[in-house]
Every structure is written in structure tokens, then in C-alpha cells.
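Below is start.cif, which holds mmCIF, C-alpha atoms.
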data_my_file
#
loop_
_atom_site.label_atom_id
_atom_site.label_comp_id
_atom_site.auth_asym_id
_atom_site.auth_seq_id
_atom_site.Cartn_x
_atom_site.Cartn_y
_atom_site.Cartn_z
CA SER A 24 126.70 113.80 160.10
CA LYS A 25 127.45 112.51 156.61
CA ALA A 26 124.11 113.85 155.35
CA GLN A 27 124.98 117.30 156.69
CA GLN A 28 128.41 117.06 155.08
CA LEU A 29 126.80 116.23 151.71
CA TYR A 30 124.36 119.13 152.09
CA ASN A 31 127.19 121.53 152.89
CA ASN A 32 129.20 120.37 149.88
CA ILE A 33 126.26 120.81 147.53
CA ALA A 34 125.27 124.15 149.03
CA ASN A 35 128.81 125.48 148.65
CA ALA A 36 129.18 124.31 145.04
CA ASP A 37 128.80 127.14 142.57
CA LYS A 38 128.25 125.07 139.44
CA ARG A 39 126.34 121.98 138.48
CA ASN A 40 129.52 119.97 137.86
CA SER A 41 130.72 120.73 141.35
CA ARG A 42 127.43 119.54 142.80
CA ILE A 43 127.63 116.37 140.76
CA GLN A 44 131.15 115.72 142.00
CA SER A 45 129.98 116.18 145.58
CA VAL A 46 127.23 113.59 145.14
CA GLN A 47 129.62 111.28 143.30
CA SER A 48 132.26 111.51 146.03
CA PHE A 49 129.79 111.01 148.87
CA PHE A 50 128.14 107.92 147.40
CA LYS A 51 131.38 106.64 145.81
CA LEU A 52 129.76 106.60 142.40
CA PRO A 53 131.62 106.09 139.12
CA LYS A 54 132.41 109.06 136.96
CA ALA A 55 129.32 110.94 135.83
CA LEU A 56 128.49 111.50 132.16
CA ASN A 57 126.91 114.73 131.05
CA VAL A 58 124.22 113.63 128.62
CA LYS A 59 121.70 115.36 126.42
CA MET A 60 118.95 113.19 124.95
CA GLN A 61 115.91 113.82 122.80
CA ALA A 62 113.14 111.42 121.85
CA ASN A 63 112.54 113.39 118.64
CA HIS A 64 108.83 112.58 118.45
CA GLN A 65 106.00 114.05 120.47
CA GLU A 66 104.35 110.65 120.95
CA ALA A 67 107.51 108.67 121.76
CA ARG A 68 108.48 107.80 125.35
CA LEU A 69 111.89 108.29 126.95
CA LEU A 70 112.77 106.31 130.08
CA ILE A 71 115.88 106.37 132.24
CA GLY A 72 116.23 103.46 134.62
CA GLY A 73 112.59 102.58 133.95
CA GLN A 74 111.37 106.04 134.95
CA GLU A 75 109.64 108.05 132.25
CA VAL A 76 110.97 111.50 131.37
CA PRO A 77 107.72 113.43 130.78
CA THR A 78 109.34 116.12 128.62
CA ARG A 79 110.85 113.44 126.30
CA GLN A 80 114.24 115.13 126.63
CA PHE A 81 117.02 115.07 129.21
CA ASP A 82 119.98 117.30 129.94
CA GLY A 83 121.94 116.26 132.99
CA ALA A 84 124.35 113.82 134.58
CA LEU A 85 124.06 110.04 134.56
CA PHE A 86 126.12 107.57 136.54
CA ALA A 87 126.97 104.32 134.77
CA PRO A 88 125.46 101.90 134.32
CA ALA A 89 122.37 103.74 133.16
CA VAL A 90 119.58 102.08 131.17
CA ILE A 91 118.07 104.40 128.58
CA THR A 92 114.93 103.28 126.78
CA ALA A 93 113.16 104.86 123.80
CA GLN A 94 109.68 103.48 123.17
CA ALA A 95 108.37 103.92 119.65
CA PRO A 96 105.15 105.79 118.97
CA LEU A 97 102.32 104.14 117.08
CA GLY A 98 103.24 103.39 113.48
CA TYR A 99 107.01 103.74 113.97
CA THR A 100 110.03 101.51 114.64
CA PHE A 101 112.95 102.59 116.81
CA GLU A 102 115.98 102.88 114.52
CA GLY A 103 118.58 103.55 117.22
CA TRP A 104 120.50 106.31 119.01
CA TYR A 105 122.58 108.78 117.03
CA ASP A 106 125.08 111.37 118.24
CA SER A 107 125.21 115.02 117.28
CA GLU A 108 127.23 114.13 114.16
CA GLU A 109 124.48 111.75 113.01
CA ASN A 110 126.67 108.73 113.72
CA LYS A 111 124.79 105.70 114.99
CA VAL A 112 125.98 104.78 118.47
CA GLY A 113 123.61 101.99 119.42
CA ASP A 114 120.48 99.97 118.70
CA ALA A 115 117.85 99.01 121.22
CA GLY A 116 119.49 96.74 123.79
CA ALA A 117 123.04 97.74 122.85
CA THR A 118 125.68 98.85 125.36
CA TYR A 119 127.32 102.19 124.69
CA ASP A 120 130.44 103.37 126.51
CA PRO A 121 131.15 106.92 125.35
CA ALA A 122 134.77 107.96 125.32
CA THR A 123 134.01 111.60 126.02
CA SER A 124 131.56 113.66 127.99
CA PRO A 125 129.31 115.53 127.40
CA ILE A 126 127.47 113.58 124.73
CA THR A 127 124.28 114.27 122.79
CA LEU A 128 121.97 111.45 121.76
CA HIS A 129 119.01 111.63 119.41
CA ALA A 130 116.45 108.87 118.96
CA GLN A 131 115.72 108.08 115.33
CA TRP A 132 112.53 106.47 114.05
CA THR A 133 111.48 104.67 110.89
CA ILE A 134 107.87 104.97 109.80
CA LYS A 135 106.13 101.64 109.23
CA SER A 136 104.33 100.58 106.05
CA TYR A 137 101.13 98.54 105.84
CA THR A 138 99.04 96.98 103.08
CA VAL A 139 95.56 97.83 101.86
CA THR A 140 93.67 95.07 100.03
CA TRP A 141 90.68 95.93 97.82
CA ASN A 142 88.55 92.77 97.40
CA PRO A 143 86.11 93.06 94.44
CA ASN A 144 83.89 90.38 96.00
CA GLY A 145 82.61 88.94 92.74
CA GLY A 146 83.26 92.06 90.70
CA ASN A 147 86.15 92.94 88.43
CA TRP A 148 88.35 95.70 87.08
CA GLY A 149 88.51 95.46 83.31
CA GLY A 150 87.88 91.73 83.52
CA SER A 151 90.38 91.04 86.30
CA THR A 152 88.81 89.56 89.42
CA ALA A 153 92.03 89.68 91.46
CA SER A 154 92.19 91.85 94.56
CA ILE A 155 94.23 95.03 94.40
CA VAL A 156 96.97 95.19 97.05
CA GLU A 157 98.68 98.51 97.79
CA THR A 158 101.28 99.64 100.32
CA TYR A 159 100.99 102.84 102.35
CA GLU A 160 103.11 104.41 105.05
CA TYR A 161 101.43 104.99 108.39
CA GLY A 162 99.39 108.20 108.28
CA ALA A 163 99.47 108.50 104.47
CA THR A 164 96.26 109.41 102.61
CA ILE A 165 94.41 106.36 101.28
CA VAL A 166 93.25 106.70 97.66
CA GLN A 167 90.36 104.44 96.67
CA PRO A 168 90.55 102.63 93.33
CA ALA A 169 87.93 103.01 90.61
CA ALA A 170 84.68 101.23 91.45
CA PRO A 171 84.69 97.61 90.25
CA GLN A 172 82.05 96.33 87.83
CA ARG A 173 79.70 93.36 88.12
CA ASP A 174 77.01 92.27 85.69
CA GLY A 175 73.53 92.58 87.15
CA TYR A 176 74.74 94.45 90.25
CA ARG A 177 75.30 97.99 91.40
CA PHE A 178 78.41 98.87 93.45
CA THR A 179 77.40 100.55 96.75
CA GLY A 180 80.76 101.10 98.44
CA TRP A 181 83.37 99.39 100.59
CA SER A 182 83.09 97.55 103.89
CA PRO A 183 84.27 98.53 106.39
CA ALA A 184 84.22 102.27 105.73
CA VAL A 185 87.51 103.37 104.20
CA SER A 186 89.83 105.29 106.52
CA SER A 187 91.03 108.65 105.25
CA THR A 188 94.60 107.89 106.35
CA MET A 189 96.57 104.66 106.79
CA PRO A 190 96.12 103.19 110.28
CA ALA A 191 98.75 101.17 112.13
CA GLY A 192 97.87 97.79 110.66
CA ASN A 193 96.96 96.04 107.43
CA LYS A 194 93.43 96.67 106.13
CA THR A 195 91.10 94.78 103.78
CA TYR A 196 88.12 96.50 102.16
CA THR A 197 85.43 94.41 100.48
CA ALA A 198 83.15 95.64 97.67
CA GLN A 199 79.44 95.76 98.48
CA TRP A 200 76.74 95.14 95.87
CA LYS A 201 72.99 95.57 95.30
CA GLN A 202 71.34 93.37 92.72
CA ASN A 203 69.56 94.95 89.74
CA TYR A 204 66.19 93.69 88.48
CA THR A 205 64.16 93.66 85.25
CA ILE A 206 60.44 94.49 85.31
CA THR A 207 58.32 93.52 82.34
CA PHE A 208 54.73 94.82 82.27
CA HIS A 209 51.99 92.51 80.97
CA ASP A 210 48.40 93.79 80.99
CA GLY A 211 49.17 96.04 83.92
CA GLU A 212 50.71 93.33 86.04
CA ALA A 213 54.45 93.36 86.90
CA GLU A 214 56.68 90.31 86.83
CA VAL A 215 60.14 90.57 88.40
CA PHE A 216 63.10 88.76 86.85
CA ARG A 217 66.54 88.67 88.43
CA HIS A 218 69.99 89.06 86.85
CA TYR A 219 69.12 91.65 84.22
CA SER A 220 69.98 95.32 84.44
CA ASN A 221 67.55 96.78 81.86
CA PHE A 222 63.80 96.92 81.80
CA PHE A 223 61.32 97.99 79.11
CA VAL A 224 57.92 99.56 79.62
CA GLN A 225 55.31 99.42 76.83
CA GLU A 226 53.35 102.64 76.97
CA ASP A 227 50.96 103.77 74.21
CA GLY A 228 52.79 101.62 71.72
CA CYS A 229 56.20 103.18 72.61
CA ALA A 230 58.94 101.27 74.40
CA THR A 231 61.00 103.07 77.08
CA GLN A 232 64.14 101.68 78.71
CA GLY A 233 65.83 102.20 82.08
CA VAL A 234 67.49 100.58 85.08
CA LEU A 235 65.63 99.60 88.24
CA SER A 236 67.52 99.04 91.49
CA LEU A 237 65.91 97.81 94.70
CA LEU A 238 67.48 99.68 97.65
#
Whole structure, C-alpha cells version:
Amino acid sequence: SKAQQLYNNIANADKRNSRIQSVQSFFKLPKALNVKMQANHQEARLLIGGQEVPTRQFDGALFAPAVITAQAPLGYTFEGWYDSEENKVGDAGATYDPATSPITLHAQWTIKSYTVTWNPNGGNWGGSTASIVETYEYGATIVQPAAPQRDGYRFTGWSPAVSSTMPAGNKTYTAQWKQNYTITFHDGEAEVFRHYSNFFVQEDGCATQGVLSLL
């Protein structure tokens, strides 16, 4: 049978190229290309004909037309395929017809950048009430700015909690505040006044000063 003939041809072939030629001849396939490919990132995905290559690298024969797909990992953009000489041979969706075989293809990636916005939320930096906008690459360490100032309030931090490294997406952090109060003592009774940061206590004819914050 034809299946037995194919088996005999493959079994008698001493080298991989001979086996490939046997399969090619039996199925009347076009000329095979010996291809080496690497995804070049441990979180990227490499697919051939829609089937994922779990090792993210391939070293074998492909029969044209073959659809090769590189899926970018989080925080990266697929830059294209490059040969062993670092020459770009194709972008995503491009058709590549190599003149020689074997060929080596490497996927290249570009790291994405995102913005971090620091909203003072009524506070200021040296009188400026504008938000601070910074740009970070994915995975970079986020450095918090100096705490903003606000009359009559105490800065308590940022909301949401600041990530230690840049996530895959723009982030906005908003300043959080607690209001300060003034307490004035009259004949042992306390009266609370808002919007002032200092308070004075009359004790044995001596005035003391401090800051009271309600948590």
C-alpha cells in the first residue's frame, strides 16, 4: 500500500532531510524549508499554523505556505522577525519568501511605556496644583514624588496603593488627606474649630503649642 511505501521510505532514510524528502514526495508537497525560530521571551507564544509550540522555539522543516505567529507577552509589542544577521525580514502579517534554506528567525519585542499621574487632590507642590505626569516602561520601579502640601490638612498617602513596579496600563494616584483641627480651652471646656493647624493650651499661665489631628 502507499502507506507502507511511505513507512519503508522513512524507515530506510538515514538522515532527517531524507525523511523530509520522502514525506514531501509522497504527499506531493512543495519544497521544504529548514527553519529555526525562537520567541526570545519566556512569556511570549509561538504558533505554527495556529498550533502553539510549547517550548517557544522550533527547529525543523516547514512546507509552504506556513503561517507563523508570535504573540507578545504582557507589556510588550511585537517588533517583527529578524534573521541571524539581525536583518528584519517581516512584520506581523507580512509574507516572507526566503531565498535560501535553512533560515533562522528571531522574534524581537519592544517594551511598552505607560503614564503615571499624581493628582494632588486639592494640595500643591511649591504652590503648583497641577498633577504630575510621568512615563515609565513596563516593569520599571515607580518612584513616588515628594508629599504634596495643603493648608489645614495632613497628607496620609495615595489611593489606590502605589505599585512597586509599572503595570501594563496607565495609572492615576490621588492624594488622600485628613483635616487638622484647633482646640482652644476655656474654663476646662474644649471648643473645636476647623481649618487651623495649631492649637494653644493655657496651663498655669504658660501657653503651649502643638498640632492636633483626628485620625
Contacts of A:Val112 at 9 Å (all atoms listed in the file; same-chain gap of 6+ positions) as a PDB file with C-alpha atoms, keeping the file's coordinate frame:
ATOM      1  CA  GLY A 103     118.580 103.550 117.220  1.00  0.00           C
ATOM      2  CA  TRP A 104     120.500 106.310 119.010  1.00  0.00           C
ATOM      3  CA  TYR A 105     122.580 108.780 117.030  1.00  0.00           C
ATOM      4  CA  ASP A 106     125.080 111.370 118.240  1.00  0.00           C
ATOM      5  CA  TYR A 119     127.320 102.190 124.690  1.00  0.00           C
ATOM      6  CA  PRO A 121     131.150 106.920 125.350  1.00  0.00           C
ATOM      7  CA  LEU A 128     121.970 111.450 121.760  1.00  0.00           C
TER       8      LEU A 128
END
Residues within 6 Å of A:Thr138, please, as a CSV table (one decimal) with C-alpha atoms, keeping the file's coordinate frame. Count all atoms listed in the file; anything in the same chain fewer than 4 positions from it doesn't count.
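So the final result, stored in selection-v1.csv, reads:
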chain,number,residue,atom,x,y,z
A,157,GLU,CA,98.7,98.5,97.8
A,158,THR,CA,101.3,99.6,100.3
A,193,ASN,CA,97.0,96.0,107.4
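Residue nearest A:Ala62 within the list A:Gln131, A:Thr100, A:Ser107, A:Asn203: A:Gln131 [criterion: smallest interatomic distance, only C-alpha atoms].
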Padding of 3 Å on every side, edges along x, y and z, all listed atoms of stretch 88-105 of chain A included: what centre and edge lengths in Å, to one decimal, does that box have, as lines of an AutoDock Vina configuration file?
center_x = 113.9
center_y = 105.1
center_z = 123.9
size_x = 29.1
size_y = 13.3
size_z = 26.8
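You can rank A:Gln61, A:Thr179, A:Ser186, A:Thr118 by their closest distance to A:Asp82 using only C-alpha atoms, and at the top of that list sits A:Gln61.
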Legend entry - For atom CA of A:Ala169 and atom CA of A:Lys135, the interatomic separation in Å (one decimal): 26.1 Å
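Between atom CA of A:Pro143 and atom CA of A:Lys201 lies a distance of 13.4 Å.
If you look at atom CA of A:Trp132 and atom CA of A:Gln167, they are 28.2 Å away from each other.
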Legend entry - Selection as a PyMOL selection string: residues within 10 Å of (112.6, 106.4, 131.8), counting only C-alpha atoms: chain A and resi 68-77+79+90-94
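Nearest to A:Asn57 of all the residues A:Tyr161, A:Trp141, A:Phe86, A:Phe101 is A:Phe86, counting all atoms listed in the file.
Distance annotation: of A:Ile155, A:Ala84, A:Leu97, A:Ala191, the residue with the minimal separation from A:Tyr137 is A:Ala191; atom set is only C-alpha atoms.
Shortest atom-to-atom contact with A:Ser151 among A:Tyr196, A:Phe81, A:Glu109, A:Pro171: A:Pro171, counting only C-alpha atoms.
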Inset, instruction - Could you give me, as number ranges by chain, the residues within 7 Å of A:Pro96, counting all atoms listed in the file and dropping anything in the same chain fewer than 3 positions from it? - result: A: 66-67, 99
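Within 9 Å of A:Asn144, once only C-alpha atoms are used and residues closer than 5 positions along the same chain are dropped, the contacting residues are Thr152, Ser154, Thr197, Ala198, Gln199 and Trp200 of chain A.
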